[in-house]
file upload37.cif (mmCIF, C-alpha atoms and all ligand atoms)
data_model
#
loop_
_atom_site.label_atom_id
_atom_site.label_comp_id
_atom_site.auth_asym_id
_atom_site.auth_seq_id
_atom_site.Cartn_x
_atom_site.Cartn_y
_atom_site.Cartn_z
CA MET A 612 -13.97 -65.67 -96.48
CA LYS A 613 -12.77 -62.53 -98.21
CA HIS A 614 -14.83 -63.40 -101.27
CA ILE A 615 -17.94 -64.12 -99.24
CA LEU A 616 -17.66 -60.78 -97.44
CA HIS A 617 -17.04 -59.03 -100.70
CA ALA A 618 -20.07 -60.68 -102.32
CA LEU A 619 -22.18 -59.66 -99.32
CA PHE A 620 -20.90 -56.10 -99.56
CA LEU A 621 -21.75 -55.94 -103.26
CA SER A 622 -25.24 -57.36 -102.81
CA VAL A 623 -25.98 -54.89 -100.00
CA THR A 624 -24.65 -52.07 -102.17
CA VAL A 625 -26.77 -53.13 -105.11
CA ALA A 626 -29.87 -53.41 -102.88
CA LEU A 627 -29.27 -49.90 -101.52
CA THR A 628 -28.69 -48.50 -104.97
CA VAL A 629 -31.96 -49.93 -106.23
CA ALA A 630 -33.92 -48.91 -103.12
CA GLN A 631 -32.77 -45.29 -103.12
CA ASN A 632 -32.54 -44.79 -106.86
CA ILE A 633 -29.48 -42.67 -106.18
CA PRO A 634 -28.11 -40.26 -108.79
CA ARG A 635 -25.75 -41.55 -111.40
CA ASN A 636 -22.55 -39.99 -109.97
CA ASP A 637 -23.18 -41.67 -106.58
CA ALA A 638 -23.75 -44.97 -108.32
CA TYR A 639 -20.44 -44.45 -110.13
CA GLN A 640 -18.62 -43.82 -106.82
CA THR A 641 -20.07 -47.01 -105.33
CA ASP A 642 -18.89 -48.88 -108.38
CA THR A 643 -15.39 -47.40 -108.11
CA LEU A 644 -15.13 -48.38 -104.44
CA GLY A 645 -16.22 -51.93 -105.20
CA ARG A 646 -13.63 -52.26 -107.95
CA SER A 647 -10.75 -50.87 -105.90
CA ALA A 648 -11.50 -53.28 -103.04
CA GLU A 649 -11.51 -56.11 -105.56
CA THR A 650 -8.14 -55.22 -107.11
CA CYS A 651 -6.19 -55.00 -103.83
CA GLY A 652 -4.75 -57.80 -101.76
CA ASP A 653 -6.43 -58.53 -98.42
CA PRO A 654 -4.24 -56.63 -95.91
CA THR A 655 -5.23 -59.08 -93.14
CA ASP A 656 -3.31 -61.77 -95.07
CA ALA A 657 -0.04 -59.79 -94.87
CA LEU A 658 2.53 -61.06 -92.35
CA PRO A 659 5.37 -59.30 -90.54
CA PHE A 660 8.49 -59.25 -92.72
CA TYR A 661 11.31 -59.49 -90.19
CA ARG A 662 14.76 -57.98 -90.66
CA VAL A 663 17.54 -60.15 -89.33
CA LEU A 664 21.27 -59.55 -89.09
CA LEU A 665 23.26 -62.60 -90.17
CA PRO A 666 26.12 -63.66 -87.87
CA SER A 667 28.68 -63.62 -90.72
CA ALA A 668 31.66 -61.23 -90.48
CA PRO A 669 30.57 -58.78 -93.20
CA THR A 670 27.23 -57.16 -92.30
CA ARG A 671 24.40 -58.91 -94.13
CA TYR A 672 20.68 -58.19 -93.74
CA PHE A 673 18.18 -60.95 -94.39
CA TYR A 674 14.40 -60.55 -94.52
CA SER A 675 11.75 -63.21 -94.06
CA SER A 676 8.21 -63.88 -92.90
CA ASP A 677 8.89 -67.59 -92.57
CA LEU A 678 9.08 -68.48 -88.86
CA THR A 679 10.72 -71.84 -89.57
CA VAL A 680 13.49 -70.14 -91.52
CA LEU A 681 13.82 -67.41 -88.90
CA ASN A 682 13.98 -69.84 -85.97
CA ALA A 683 16.68 -71.84 -87.74
CA GLY A 684 18.53 -68.55 -88.24
CA PHE A 685 18.27 -67.63 -84.55
CA GLN A 686 19.66 -71.08 -83.62
CA SER A 687 22.72 -70.28 -85.72
CA GLY A 688 23.32 -66.81 -84.36
CA CYS A 689 21.11 -64.46 -86.39
CA THR A 690 19.81 -61.39 -84.55
CA LEU A 691 16.27 -60.09 -84.91
CA GLN A 692 16.32 -56.37 -85.66
CA ALA A 693 12.88 -55.14 -86.67
CA VAL A 694 9.68 -55.76 -88.54
CA ALA A 695 10.52 -54.02 -91.80
CA CYS A 696 6.99 -54.04 -93.22
CA LEU A 697 4.07 -56.37 -93.84
CA MET A 698 4.39 -58.93 -96.62
CA PHE A 699 2.11 -61.16 -98.66
CA ILE A 700 3.33 -64.74 -98.85
CA THR A 701 0.75 -65.84 -101.40
CA GLN A 702 -0.07 -64.02 -104.61
CA GLU A 703 -2.93 -61.64 -103.87
CA GLU A 704 -4.86 -59.37 -106.24
CA SER A 705 -2.51 -57.02 -108.14
CA THR A 706 0.68 -58.31 -106.49
CA VAL A 707 3.81 -59.62 -108.19
CA PRO A 708 6.59 -61.89 -106.88
CA MET A 709 9.50 -60.30 -105.07
CA PHE A 710 12.59 -62.47 -105.49
CA ARG A 711 15.57 -63.03 -103.21
CA LEU A 712 18.93 -63.46 -104.92
CA GLY A 713 22.33 -64.38 -103.58
CA GLY A 714 25.64 -63.26 -105.07
CA ALA A 715 29.37 -63.35 -104.47
CA ASP A 716 30.53 -62.63 -100.90
CA GLN A 717 27.12 -63.65 -99.53
CA GLU A 718 25.52 -60.55 -101.01
CA ILE A 719 21.71 -60.70 -100.72
CA ILE A 720 19.26 -58.67 -102.78
CA TYR A 721 15.48 -58.53 -103.02
CA THR A 722 13.56 -57.24 -106.01
CA ALA A 723 10.22 -57.35 -107.76
CA ASN A 724 11.65 -55.28 -110.64
CA THR A 725 12.13 -57.66 -113.57
CA THR A 726 14.82 -55.45 -115.14
CA GLU A 727 16.84 -55.50 -111.93
CA LEU A 728 16.20 -59.26 -111.64
CA GLU A 729 17.55 -59.89 -115.17
CA ASP A 730 20.55 -57.62 -114.57
CA ALA A 731 21.35 -59.46 -111.33
CA LEU A 732 21.05 -62.89 -112.98
CA GLU A 733 23.45 -61.70 -115.72
CA ASN A 734 25.87 -60.47 -113.06
CA GLY A 735 26.34 -63.72 -111.18
CA PHE A 736 23.42 -63.61 -108.77
CA THR A 737 21.22 -66.67 -108.46
CA LEU A 738 17.71 -67.06 -107.14
CA THR A 739 17.94 -68.47 -103.63
CA SER A 740 14.49 -70.00 -103.86
CA VAL A 741 12.76 -71.48 -106.90
CA ASP A 742 9.31 -70.48 -105.70
CA PRO A 743 8.88 -66.83 -104.89
CA GLU A 744 8.19 -66.53 -101.16
CA THR A 745 6.95 -62.96 -101.15
CA TYR A 746 4.57 -60.80 -103.16
CA VAL A 747 4.45 -57.02 -103.37
CA TYR A 748 2.64 -54.36 -105.40
CA PRO A 749 4.53 -53.30 -108.54
CA THR A 750 3.35 -49.68 -108.12
CA GLN A 751 2.19 -47.56 -105.18
CA ILE A 752 -1.41 -48.77 -104.90
CA CYS A 753 -3.70 -50.12 -102.17
CA GLY A 754 -2.09 -48.21 -99.28
CA SER A 755 1.41 -49.49 -100.08
CA VAL A 756 4.66 -47.59 -99.59
CA PRO A 757 8.06 -47.86 -101.32
CA PHE A 758 10.43 -50.53 -99.99
CA TYR A 759 13.63 -48.56 -100.55
CA HIS A 760 16.83 -50.36 -101.52
CA LEU A 761 20.09 -48.95 -100.19
CA ARG A 762 23.54 -50.40 -100.79
CA ASN A 763 26.97 -49.97 -99.34
CA ALA A 764 29.03 -50.73 -102.45
CA ALA A 765 32.35 -51.07 -100.62
CA LYS A 766 30.97 -53.68 -98.21
CA LYS A 767 28.35 -55.14 -100.60
CA VAL A 768 25.63 -54.68 -98.00
CA ASN A 769 22.04 -54.28 -99.12
CA PHE A 770 19.45 -52.75 -96.83
CA TYR A 771 15.72 -52.31 -97.38
CA THR A 772 13.38 -50.00 -95.49
CA VAL A 773 10.06 -48.19 -95.75
CA SER A 774 11.34 -45.45 -93.44
CA THR A 775 12.78 -42.33 -95.07
CA ALA A 776 14.29 -41.39 -91.68
CA GLU A 777 16.13 -44.72 -91.51
CA MET A 778 17.16 -44.22 -95.12
CA GLN A 779 18.81 -40.89 -94.22
CA VAL A 780 20.73 -42.53 -91.35
CA PHE A 781 22.08 -45.20 -93.71
CA ILE A 782 22.98 -42.63 -96.38
CA GLY A 783 24.98 -40.88 -93.64
CA ASN A 784 26.77 -44.18 -93.03
CA GLY A 785 28.01 -44.71 -96.59
CA TYR A 786 24.98 -46.25 -98.28
CA SER A 787 23.54 -45.05 -101.61
CA THR A 788 19.95 -45.28 -102.78
CA ILE A 789 19.62 -47.91 -105.50
CA GLY A 790 15.88 -47.87 -106.15
CA ILE A 791 12.65 -49.40 -104.97
CA ALA A 792 12.39 -53.18 -104.52
CA GLY A 793 8.60 -53.05 -104.64
CA TYR A 794 5.67 -51.51 -102.78
CA VAL A 795 4.71 -53.02 -99.45
CA LEU A 796 2.24 -52.45 -96.65
CA PRO A 797 3.71 -50.53 -93.73
CA VAL A 798 3.41 -51.85 -90.20
CA GLY A 799 0.36 -50.37 -88.50
CA GLY A 800 -1.25 -49.20 -91.73
CA THR A 801 0.44 -45.82 -91.70
CA GLU A 802 3.82 -44.85 -93.01
CA CYS A 803 6.38 -45.32 -90.26
CA GLU A 804 8.84 -42.47 -90.10
C1 LIG A 901 13.57 -51.21 -112.57
O1 LIG A 901 14.98 -51.28 -112.52
C2 LIG A 901 15.60 -50.58 -113.58
C3 LIG A 901 17.09 -50.90 -113.53
O2 LIG A 901 17.58 -50.90 -112.22
C4 LIG A 901 15.29 -49.09 -113.44
O3 LIG A 901 15.90 -48.38 -114.48
C5 LIG A 901 13.78 -48.91 -113.49
O4 LIG A 901 13.46 -47.56 -113.25
C6 LIG A 901 13.08 -49.78 -112.46
N1 LIG A 901 11.65 -49.73 -112.67
C7 LIG A 901 10.81 -49.36 -111.71
C8 LIG A 901 9.36 -49.40 -112.09
O5 LIG A 901 11.17 -49.01 -110.61
#
call {"tool": "encode", "arguments": {"input": "upload37.cif", "output": "structure tokens"}}
result
Amino acid sequence: MKHILHALFLSVTVALTVAQNIPRNDAYQTDTLGRSAETCGDPTDALPFYRVLLPSAPTRYFYSSDLTVLNAGFQSGCTLQAVACLMFITQEESTVPMFRLGGADQEIIYTANTTELEDALENGFTLTSVDPETYVYPTQICGSVPFYHLRNAAKKVNFYTVSTAEMQVFIGNGYSTIGIAGYVLPVGGTECE
């Protein structure tokens, strides 16, 4: 459907361009718009990426868009906390896999950064799923925002958020900023603060 709409859009654009014989710089702008639409994922494909608190004794945050996985989690005592962002669950234009890894003491990390992925694999983390379940932008394009990674080193808790306000609260509670897991679409299409 996306491709059909896109093809329609292009053919209408081309027809208008020919009909009006518009100046070259306008034609260039039309071309740029067409290309940028083509190189972004379809935001209507993105699903809520839920943040869940695991019932285990040390605080552990888990994120998923998979309702089957989430429902199983709720059956075993997980608590739904928030929709962290919107997430692609199939590889869309310009997106890359974001991996989930598990480590010692049930530590859970998410990253689309291949350097961080390799470092984690060398430091005892293992991929918790063979197939990547989530896809994010590798840079801040297509209306995406940073998915910030914070960590409480003493408790080995990893937390991810698009909200800089939430980030400040966690920093106040002993977390440090580690980096950016990837770039995701915010809920509601605007940056949630
Ligand atoms: C990826 O991770 C490495 C190591 O943590 C970091 O140095 C680098 O800046 C990250 N790259 C991006 C694009 O965020």
call {"tool": "axis_aligned_box", "arguments": {"input": "upload37.cif", "around": "ligand LIG 901 (chain A)", "padding_each_side": "6 Å", "output": "AutoDock Vina command-line options"}}
result
--center_x 13.5 --center_y -49.4 --center_z -112.5 --size_x 20.2 --size_y 15.7 --size_z 15.9
call {"tool": "residues_near_ligand", "arguments": {"input": "upload37.cif", "ligand": "ligand LIG 901 (chain A)", "cutoff": "9 Å", "atoms": "all atoms listed in the file", "output": "list in words"}}
result
Thr722, Ala723, Asn724, Thr725, Thr726, Glu727, Leu728, Asp730, Pro749, Thr750, Ile789, Gly790, Ile791, Ala792 and Gly793 of chain A
call {"tool": "residues_around", "arguments": {"input": "upload37.cif", "residues": "Ile752 in chain A", "least_positions_apart": "3", "cutoff": "9 Å", "atoms": "only C-alpha atoms", "output": "list in words"}}
result
Cys651, Ser705, Tyr748, Pro749, Ser755, Val756 and Tyr794 of chain A
call {"tool": "closest_residue", "arguments": {"input": "upload37.cif", "among": "A:Thr690, A:Ala715, A:Phe660, A:Pro654", "to": "Leu678 in chain A", "atoms": "all atoms listed in the file"}}
result
A:Phe660
call {"tool": "atom_distance", "arguments": {"input": "upload37.cif", "atom1": "CA of Ile782 in chain A", "atom2": "CA of Ala695 in chain A"}}
result
17.5 Å
call {"tool": "atom_distance", "arguments": {"input": "upload37.cif", "atom1": "CA of Asp653 in chain A", "atom2": "CA of Pro797 in chain A"}}
result
13.7 Å
call {"tool": "atom_distance", "arguments": {"input": "upload37.cif", "atom1": "CA of Gln692 in chain A", "atom2": "CA of Ala764 in chain A"}}
result
21.8 Å
call {"tool": "residues_around", "arguments": {"input": "upload37.cif", "residues": "range 696-703 of chain A", "least_positions_apart": "3", "cutoff": "8 Å", "atoms": "all atoms listed in the file", "output": "number ranges by chain"}}
result
A: 651-653, 656-661, 676, 706-708, 744-747, 772-773, 795-798
call {"tool": "residues_around", "arguments": {"input": "upload37.cif", "residues": "Pro743 in chain A", "least_positions_apart": "3", "cutoff": "7 Å", "atoms": "only C-alpha atoms", "output": "ChimeraX atom specification"}}
result
/A:708-710,740
call {"tool": "closest_residue", "arguments": {"input": "upload37.cif", "among": "A:Gly785, A:Pro757, A:Gly714, A:Gly799", "to": "Val694 in chain A", "atoms": "only C-alpha atoms"}}
result
A:Gly799
call {"tool": "residues_around", "arguments": {"input": "upload37.cif", "residues": "Phe685 in chain A", "least_positions_apart": "5", "cutoff": "12 Å", "atoms": "only C-alpha atoms", "output": "list in words"}}
result
Arg662, Val663, Leu664, Leu665, Pro666, Phe673, Leu678, Thr679, Val680, Thr690, Leu691 and Gln692 of chain A
call {"tool": "write_last_selection", "arguments": {"input": "upload37.cif", "atoms": "C-alpha atoms", "output": "PDB file, in the coordinates of the input"}}
result
ATOM      1  CA  ARG A 662      14.760 -57.980 -90.660  1.00  0.00           C
ATOM      2  CA  VAL A 663      17.540 -60.150 -89.330  1.00  0.00           C
ATOM      3  CA  LEU A 664      21.270 -59.550 -89.090  1.00  0.00           C
ATOM      4  CA  LEU A 665      23.260 -62.600 -90.170  1.00  0.00           C
ATOM      5  CA  PRO A 666      26.120 -63.660 -87.870  1.00  0.00           C
ATOM      6  CA  PHE A 673      18.180 -60.950 -94.390  1.00  0.00           C
ATOM      7  CA  LEU A 678       9.080 -68.480 -88.860  1.00  0.00           C
ATOM      8  CA  THR A 679      10.720 -71.840 -89.570  1.00  0.00           C
ATOM      9  CA  VAL A 680      13.490 -70.140 -91.520  1.00  0.00           C
ATOM     10  CA  THR A 690      19.810 -61.390 -84.550  1.00  0.00           C
ATOM     11  CA  LEU A 691      16.270 -60.090 -84.910  1.00  0.00           C
ATOM     12  CA  GLN A 692      16.320 -56.370 -85.660  1.00  0.00           C
TER      13      GLN A 692
END
call {"tool": "closest_residue", "arguments": {"input": "upload37.cif", "among": "A:Gly783, A:Gly754, A:Gly684, A:Gly713", "to": "Phe736 in chain A", "atoms": "only C-alpha atoms"}}
result
A:Gly713
call {"tool": "closest_residue", "arguments": {"input": "upload37.cif", "among": "A:Gln751, A:Ala683, A:Tyr759, A:Arg671", "to": "Met778 in chain A", "atoms": "only C-alpha atoms"}}
result
A:Tyr759
call {"tool": "residues_around", "arguments": {"input": "upload37.cif", "residues": "Arg711 in chain A", "least_positions_apart": "5", "cutoff": "7 Å", "atoms": "only C-alpha atoms", "output": "PyMOL selection string"}}
result
chain A and resi 720-722+738-739
call {"tool": "decode", "arguments": {"input": "upload37.cif", "residues": "range 681-700 of chain A", "atoms": "C-alpha atoms", "output": "PDB file, in the first residue's frame"}}
result
ATOM      1  CA  LEU A 681       4.131  -8.886  27.148  1.00  0.00           C
ATOM      2  CA  ASN A 682       1.015 -10.861  28.108  1.00  0.00           C
ATOM      3  CA  ALA A 683       3.177 -13.774  29.226  1.00  0.00           C
ATOM      4  CA  GLY A 684       5.169 -11.273  31.286  1.00  0.00           C
ATOM      5  CA  PHE A 685       2.041  -9.853  32.933  1.00  0.00           C
ATOM      6  CA  GLN A 686       0.943 -13.409  33.840  1.00  0.00           C
ATOM      7  CA  SER A 687       4.222 -13.826  35.698  1.00  0.00           C
ATOM      8  CA  GLY A 688       4.118 -10.537  37.563  1.00  0.00           C
ATOM      9  CA  CYS A 689       5.591  -7.922  35.212  1.00  0.00           C
ATOM     10  CA  THR A 690       4.201  -4.401  35.568  1.00  0.00           C
ATOM     11  CA  LEU A 691       3.407  -2.167  32.609  1.00  0.00           C
ATOM     12  CA  GLN A 692       5.001   1.245  33.091  1.00  0.00           C
ATOM     13  CA  ALA A 693       4.803   3.299  29.903  1.00  0.00           C
ATOM     14  CA  VAL A 694       5.009   3.411  26.155  1.00  0.00           C
ATOM     15  CA  ALA A 695       8.647   4.387  25.759  1.00  0.00           C
ATOM     16  CA  CYS A 696       8.463   5.239  22.049  1.00  0.00           C
ATOM     17  CA  LEU A 697       7.255   3.806  18.760  1.00  0.00           C
ATOM     18  CA  MET A 698       9.204   0.937  17.234  1.00  0.00           C
ATOM     19  CA  PHE A 699       9.535  -0.764  13.864  1.00  0.00           C
ATOM     20  CA  ILE A 700       9.313  -4.536  14.096  1.00  0.00           C
TER      21      ILE A 700
END
